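Below is data_12.txt, which holds compact mmCIF, C-alpha atoms.
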```txt
# COMPACT_ATOMS: atom_id res chain seq x y z
CA MET A 19 -26.87 -4.64 -26.13
CA ARG A 20 -26.52 -1.88 -23.57
CA ALA A 21 -23.13 -1.37 -21.95
CA VAL A 22 -22.21 0.53 -18.79
CA VAL A 23 -18.84 1.45 -17.33
CA ILE A 24 -18.51 1.86 -13.58
CA ASN A 25 -16.36 4.92 -12.94
CA LEU A 26 -14.87 3.37 -9.81
CA ASP A 27 -12.71 6.17 -8.46
CA ARG A 28 -14.70 8.94 -10.22
CA SER A 29 -11.52 9.80 -12.12
CA PRO A 30 -11.98 11.88 -15.31
CA GLU A 31 -8.72 10.36 -16.62
CA ARG A 32 -10.01 6.84 -16.19
CA LEU A 33 -13.31 7.66 -17.87
CA ALA A 34 -11.50 9.39 -20.74
CA MET A 35 -9.34 6.31 -21.27
CA PHE A 36 -12.42 4.12 -21.56
CA ARG A 37 -14.21 6.64 -23.79
CA ASP A 38 -11.23 6.73 -26.17
CA GLN A 39 -11.42 2.96 -26.54
CA ALA A 40 -15.16 2.98 -27.14
CA GLU A 41 -14.90 5.65 -29.82
CA ARG A 42 -12.05 3.84 -31.54
CA LEU A 43 -13.85 0.48 -31.48
CA GLY A 44 -17.23 1.95 -32.33
CA PHE A 45 -19.64 1.18 -29.50
CA ALA A 46 -21.70 3.29 -27.11
CA PHE A 47 -21.80 3.05 -23.33
CA ASP A 48 -23.34 4.76 -20.32
CA ARG A 49 -21.32 6.00 -17.36
CA LEU A 50 -22.38 4.71 -13.98
CA ALA A 51 -21.02 6.73 -11.06
CA ALA A 52 -19.53 4.43 -8.45
CA VAL A 53 -20.53 4.40 -4.81
CA ASP A 54 -18.12 6.59 -2.85
CA ALA A 55 -15.96 4.49 -0.51
CA HIS A 56 -15.94 7.37 1.99
CA ASN A 57 -19.68 6.88 2.45
CA CYS A 58 -19.37 3.18 3.22
CA THR A 59 -19.45 3.06 7.01
CA GLN A 60 -21.14 -0.30 7.48
CA THR A 61 -18.92 -3.23 8.47
CA ARG A 62 -19.10 -6.24 6.15
CA GLY A 63 -16.81 -9.01 7.31
CA ARG A 64 -13.19 -8.22 6.51
CA LEU A 65 -14.01 -6.06 3.49
CA THR A 66 -12.39 -2.64 3.17
CA PRO A 67 -14.54 0.42 2.42
CA GLY A 68 -13.20 0.27 -1.13
CA GLU A 69 -14.27 -3.33 -1.59
CA ILE A 70 -17.71 -2.51 -0.21
CA ALA A 71 -18.02 0.48 -2.56
CA CYS A 72 -16.97 -1.67 -5.51
CA PHE A 73 -19.58 -4.31 -4.69
CA GLU A 74 -22.34 -1.73 -4.17
CA SER A 75 -21.40 -0.17 -7.52
CA HIS A 76 -21.89 -3.49 -9.30
CA ARG A 77 -25.21 -3.89 -7.52
CA LYS A 78 -26.20 -0.51 -8.97
CA ALA A 79 -25.45 -1.88 -12.43
CA TRP A 80 -27.54 -5.00 -11.76
CA GLN A 81 -30.43 -2.85 -10.56
CA LEU A 82 -30.11 -0.73 -13.70
CA LEU A 83 -30.59 -3.87 -15.80
CA VAL A 84 -33.60 -5.01 -13.77
CA ASP A 85 -35.27 -1.60 -14.04
CA SER A 86 -34.59 -1.35 -17.77
CA GLY A 87 -36.45 -4.55 -18.62
CA GLU A 88 -33.73 -5.39 -21.15
CA PRO A 89 -32.52 -9.01 -21.36
CA TRP A 90 -28.74 -8.44 -21.06
CA LEU A 91 -26.25 -5.85 -19.85
CA ALA A 92 -22.50 -5.58 -20.40
CA VAL A 93 -20.73 -4.29 -17.28
CA PHE A 94 -17.21 -2.87 -17.35
CA GLU A 95 -14.94 -1.28 -14.78
CA ASP A 96 -13.14 1.84 -15.91
CA ASP A 97 -9.66 0.25 -15.92
CA ALA A 98 -10.72 -2.33 -18.52
CA LEU A 99 -8.80 -2.61 -21.78
CA LEU A 100 -10.92 -3.91 -24.64
CA ALA A 101 -10.06 -5.86 -27.79
CA PRO A 102 -11.63 -5.09 -31.21
CA PRO A 103 -14.19 -7.95 -31.26
CA ILE A 104 -16.06 -6.32 -28.39
CA ALA A 105 -17.96 -3.97 -30.74
CA THR A 106 -19.37 -6.86 -32.78
CA LEU A 107 -20.29 -8.78 -29.64
CA LEU A 108 -22.12 -5.82 -28.11
CA ALA A 109 -24.08 -5.19 -31.30
CA SER A 110 -26.38 -8.13 -30.54
CA ASP A 111 -27.20 -10.66 -27.84
CA ARG A 112 -28.32 -13.44 -30.20
CA TRP A 113 -24.96 -15.20 -29.86
CA ILE A 114 -25.40 -15.80 -26.11
CA PRO A 115 -26.59 -19.37 -25.44
CA ALA A 116 -29.97 -19.79 -23.77
CA GLN A 117 -29.94 -20.54 -20.03
CA SER A 118 -26.65 -18.66 -19.57
CA ASP A 119 -26.36 -16.38 -16.54
CA ILE A 120 -23.01 -14.66 -17.13
CA VAL A 121 -20.49 -14.44 -19.93
CA LYS A 122 -17.08 -13.55 -18.51
CA LEU A 123 -15.29 -11.39 -21.07
CA GLU A 124 -12.16 -10.90 -18.97
CA THR A 125 -8.97 -12.78 -18.22
CA PHE A 126 -7.31 -12.39 -14.83
CA GLU A 127 -4.18 -14.12 -16.13
CA ALA A 128 -4.57 -17.05 -13.73
CA ARG A 129 -4.68 -20.72 -14.62
CA VAL A 130 -8.28 -21.98 -14.74
CA ALA A 131 -10.28 -25.00 -15.86
CA ILE A 132 -12.97 -24.73 -18.51
CA ALA A 133 -15.10 -27.28 -20.32
CA ALA A 134 -13.10 -28.88 -23.11
CA LYS A 135 -15.86 -28.30 -25.64
CA GLY A 136 -16.98 -24.77 -26.44
CA ILE A 137 -19.28 -22.85 -28.74
CA SER A 138 -17.74 -20.70 -31.47
CA VAL A 139 -19.11 -17.16 -31.83
CA GLU A 140 -17.71 -14.16 -33.66
CA GLY A 141 -14.15 -15.51 -33.82
CA VAL A 142 -14.00 -16.54 -30.14
CA SER A 143 -15.38 -19.48 -28.18
CA LEU A 144 -17.49 -19.84 -25.06
CA HIS A 145 -16.68 -22.53 -22.51
CA ARG A 146 -18.35 -23.40 -19.23
CA LEU A 147 -16.16 -22.07 -16.41
CA GLN A 148 -15.30 -24.91 -14.00
CA THR A 149 -12.99 -23.25 -11.46
CA ALA A 150 -12.49 -19.86 -9.85
CA HIS A 151 -11.47 -17.02 -12.16
CA CYS A 152 -11.38 -13.71 -10.33
CA GLY A 153 -11.81 -10.20 -11.72
CA SER A 154 -14.95 -8.18 -12.40
CA ALA A 155 -13.68 -5.75 -15.05
CA GLY A 156 -15.84 -7.10 -17.87
CA TYR A 157 -18.85 -9.41 -18.03
CA ILE A 158 -22.33 -9.73 -19.50
CA LEU A 159 -25.22 -10.86 -17.32
CA SER A 160 -28.87 -11.69 -17.89
CA ARG A 161 -31.76 -9.81 -16.34
CA GLN A 162 -32.88 -12.88 -14.40
CA CYS A 163 -29.35 -13.31 -13.09
CA ALA A 164 -29.34 -9.68 -11.95
CA ILE A 165 -32.63 -10.21 -10.11
CA ASP A 166 -31.24 -13.28 -8.36
CA LEU A 167 -27.92 -11.61 -7.52
CA LEU A 168 -29.61 -8.58 -5.97
CA ARG A 169 -31.64 -10.88 -3.73
CA GLN A 170 -28.72 -13.13 -2.78
CA THR A 171 -26.14 -10.40 -2.08
CA LYS A 172 -28.05 -8.05 0.23
CA ASN A 173 -25.71 -9.01 3.07
CA PHE A 174 -22.50 -9.67 1.13
CA THR A 175 -19.23 -10.14 3.05
CA ARG A 176 -16.85 -11.08 0.22
CA PRO A 177 -15.55 -9.08 -2.78
CA VAL A 178 -17.78 -8.95 -5.83
CA ASP A 179 -15.46 -10.97 -8.07
CA ILE A 180 -15.26 -13.77 -5.48
CA VAL A 181 -19.04 -13.92 -5.19
CA LEU A 182 -19.43 -14.00 -8.98
CA PHE A 183 -16.51 -16.12 -10.13
CA ASP A 184 -15.27 -18.37 -7.30
CA HIS A 185 -17.17 -21.66 -7.39
CA GLU A 186 -16.42 -22.21 -3.71
CA HIS A 187 -18.90 -19.39 -3.01
CA GLU A 188 -22.54 -20.42 -2.66
CA VAL A 189 -23.74 -17.74 -5.09
CA SER A 190 -21.25 -18.48 -7.85
CA ARG A 191 -21.76 -22.24 -7.88
CA LYS A 192 -25.44 -21.75 -8.77
CA LEU A 193 -24.60 -19.70 -11.86
CA GLN A 194 -24.18 -20.85 -15.45
CA ILE A 195 -20.96 -18.98 -16.29
CA LEU A 196 -19.36 -19.03 -19.71
CA GLN A 197 -15.74 -17.98 -20.19
CA MET A 198 -14.81 -16.25 -23.43
CA VAL A 199 -11.62 -17.62 -25.03
CA PRO A 200 -9.62 -15.65 -25.98
CA ALA A 201 -10.75 -12.89 -23.64
CA VAL A 202 -11.70 -9.50 -25.06
CA CYS A 203 -11.15 -7.65 -21.77
CA ILE A 204 -8.28 -7.29 -19.30
CA GLN A 205 -7.41 -4.90 -16.49
CA GLU A 206 -4.92 -2.28 -17.59
CA ARG A 207 -2.48 -3.18 -14.81
CA PHE A 208 -1.75 -6.57 -16.37
CA ILE A 209 -0.67 -4.99 -19.65
CA ALA A 210 1.31 -2.33 -17.78
CA ASP A 211 3.12 -5.06 -15.83
CA ARG A 212 4.20 -6.74 -19.07
CA VAL A 213 6.03 -3.63 -20.24
CA GLN A 214 7.11 -2.64 -16.71
CA GLN A 215 5.10 0.56 -16.64
CA LEU A 216 2.72 2.04 -14.11
CA PRO A 217 -0.96 2.06 -15.11
CA ARG A 218 -2.12 5.35 -16.62
CA ALA A 219 -4.55 5.86 -13.76
CA ASP A 220 -4.20 3.87 -10.56
CA SER A 221 -7.44 3.07 -8.74
CA LEU A 222 -8.33 4.61 -5.41
CA ILE A 223 -10.30 1.49 -4.60
CA SER A 224 -8.40 -1.40 -3.05
CA ARG A 225 -10.16 -4.68 -3.86
CA SER A 226 -7.72 -7.18 -2.42
CA GLU A 227 -8.83 -9.12 0.64
CA VAL A 228 -5.48 -10.87 1.03
CA ALA A 229 -3.09 -9.29 3.51
CA PRO A 230 0.61 -9.00 2.52
CA ALA A 231 2.59 -12.04 3.60
CA SER A 232 4.91 -11.50 6.53
CA PRO A 233 8.41 -13.03 6.63
CA GLY A 234 8.26 -16.79 6.89
CA GLN A 235 4.72 -17.07 5.52
CA SER A 236 5.61 -17.91 1.93
CA GLY A 237 8.10 -20.76 2.30
CA PRO A 238 7.68 -24.31 0.91
CA LEU A 239 6.37 -25.68 4.21
CA THR A 240 3.73 -22.97 4.47
CA LYS A 241 2.61 -23.56 0.89
CA LEU A 242 2.40 -27.32 1.54
CA LYS A 243 0.27 -26.74 4.65
CA ARG A 244 -1.98 -24.33 2.76
CA GLU A 245 -2.52 -26.84 -0.07
CA GLY A 246 -3.22 -29.62 2.41
CA THR A 247 -5.80 -27.46 4.17
CA ARG A 248 -7.46 -26.66 0.85
CA ILE A 249 -7.72 -30.33 -0.11
CA MET A 250 -9.10 -31.31 3.31
CA ARG A 251 -11.68 -28.53 3.09
CA GLN A 252 -12.85 -29.81 -0.28
CA PHE A 253 -13.34 -33.36 0.99
CA SER A 254 -14.94 -32.28 4.29
CA SER A 255 -18.17 -31.19 2.62
CA PRO A 256 -20.46 -33.60 0.72
CA MET A 257 -21.41 -30.77 -1.62
CA ARG A 258 -17.78 -29.96 -2.39
CA LEU A 259 -17.00 -33.65 -2.85
CA SER A 260 -19.93 -33.95 -5.26
CA ARG A 261 -18.57 -31.02 -7.29
CA LEU A 262 -15.13 -32.62 -7.41
CA VAL A 263 -16.59 -35.89 -8.70
CA ARG A 264 -18.75 -34.07 -11.25
CA ARG A 265 -15.76 -32.03 -12.41
CA ALA A 266 -13.64 -35.18 -12.74
CA LEU A 267 -16.25 -36.70 -15.03
CA GLN A 268 -16.40 -33.61 -17.26
CA PRO A 269 -13.61 -33.25 -19.83
CA SER A 270 -11.66 -30.14 -18.93
CA ARG A 271 -9.10 -27.85 -20.46
CA HIS A 272 -6.62 -26.09 -18.17
CA LEU A 273 -5.08 -22.83 -19.34
CA VAL A 274 -4.36 -19.20 -18.66
CA VAL A 275 -7.04 -17.51 -20.76
CA PRO A 276 -5.22 -15.32 -23.30
CA TYR A 277 -6.20 -11.75 -24.11
CA ILE A 278 -6.68 -10.69 -27.72
CA GLU A 279 -4.10 -7.97 -28.15
CA ALA A 280 -5.56 -4.87 -29.82
```
Show me the file's structure as structure tokens.
Amino acid sequence: MRAVVINLDRSPERLAMFRDQAERLGFAFDRLAAVDAHNCTQTRGRLTPGEIACFESHRKAWQLLVDSGEPWLAVFEDDALLAPPIATLLASDRWIPAQSDIVKLETFEARVAIAAKGISVEGVSLHRLQTAHCGSAGYILSRQCAIDLLRQTKNFTRPVDIVLFDHEHEVSRKLQILQMVPAVCIQERFIADRVQQLPRADSLISRSEVAPASPGQSGPLTKLKREGTRIMRQFSSPMRLSRLVRRALQPSRHLVVPYIEA
């Protein structure tokens, strides 16, 4: 299976970090130069130029897959840390279940819901993702999925990981997404946080669409109001209500997806 790494901030240090991992684990990859945020002048909702550049860079990867005619492509961002099983997984695509659109290789260290039953492959398991699980540092997608995504995201206004992995988004909820458990990919910053160190190479691209909370915005009352608004929003739409009922009928497992430490 072909793999590409998006060199998001065009940093030689970042690319070298990824190359060192690939050589140690024994797999090949192609570098995909990211879209330069300084060239992103078009307004897209509340997205920053960096978020727009990040999304356009992933679209470049999807187009690469479509043009290649190959069935699958593994896409990584250059701050991804990879666990040893990745080499075996990338050696073939026969382990990917038919009708799958995306296999999410990454953990964002957030609590998620997945289907209780999974499929065992190469020492890990694949479970249908049932709730939002952000992050776009490592995933595998099908060629048909890439074709559909390119058509559906011409006028995107949300970050790429929200569009792909938040089931509240109209694009994501149409996808058959499998979550790998344990994950074989994680952003470097999560590991750096554990040992209270700065990442080796901090990104020049800001991908957060959430503004810092001002004083008084994070108290218990505010959190209660926010949760109440979220619940009301879910029940206000017949489609959302249908998803809630369907999810309630499907046995689920709730967890923070662990990362396989190298």
query = Smallest atom-to-atom distance to Arg207 (chain A): which of A:Phe174, A:Tyr157, A:Trp90, A:Phe126, using all atoms listed in the file?
reply = A:Phe126
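Proximity of A:Pro115, A:Gly153, A:Gly136, A:Pro200 to Asp184 (chain A), computed with only C-alpha atoms, is greatest for A:Gly153.
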inquiry  = List as an MDAnalysis selection string the protein and nucleic acid residues near region 49-57 of chain A, meaning an atom at most 9 Å away when all atoms listed in the file are counted, but skip any in the same chain fewer than 5 places from it.
reply    = chainID A and resid 21:28 33 66:76 78:79 223
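Of note, CA of Phe208 (chain A) and CA of Thr125 (chain A) are spaced 9.7 Å apart.
The two atoms in question, CA of Phe36 (chain A) and CA of Asp97 (chain A), are spaced 7.4 Å apart.
If you look at CA of Ala98 (chain A) and CA of His187 (chain A), they are 24.5 Å away from each other.
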query = Do you know which residues are at most 6 Å from Gln197 (chain A) counting all atoms listed in the file, after dropping those on the same chain fewer than 5 positions away, and could you put them as a ChimeraX atom specification?
reply = /A:121-122,144-145,147
key: Selected residue, from A:Leu273, A:Phe94, A:Ile195, A:Glu127, that lies nearest to Gln148 (chain A) when counting only C-alpha atoms   = A:Ile195
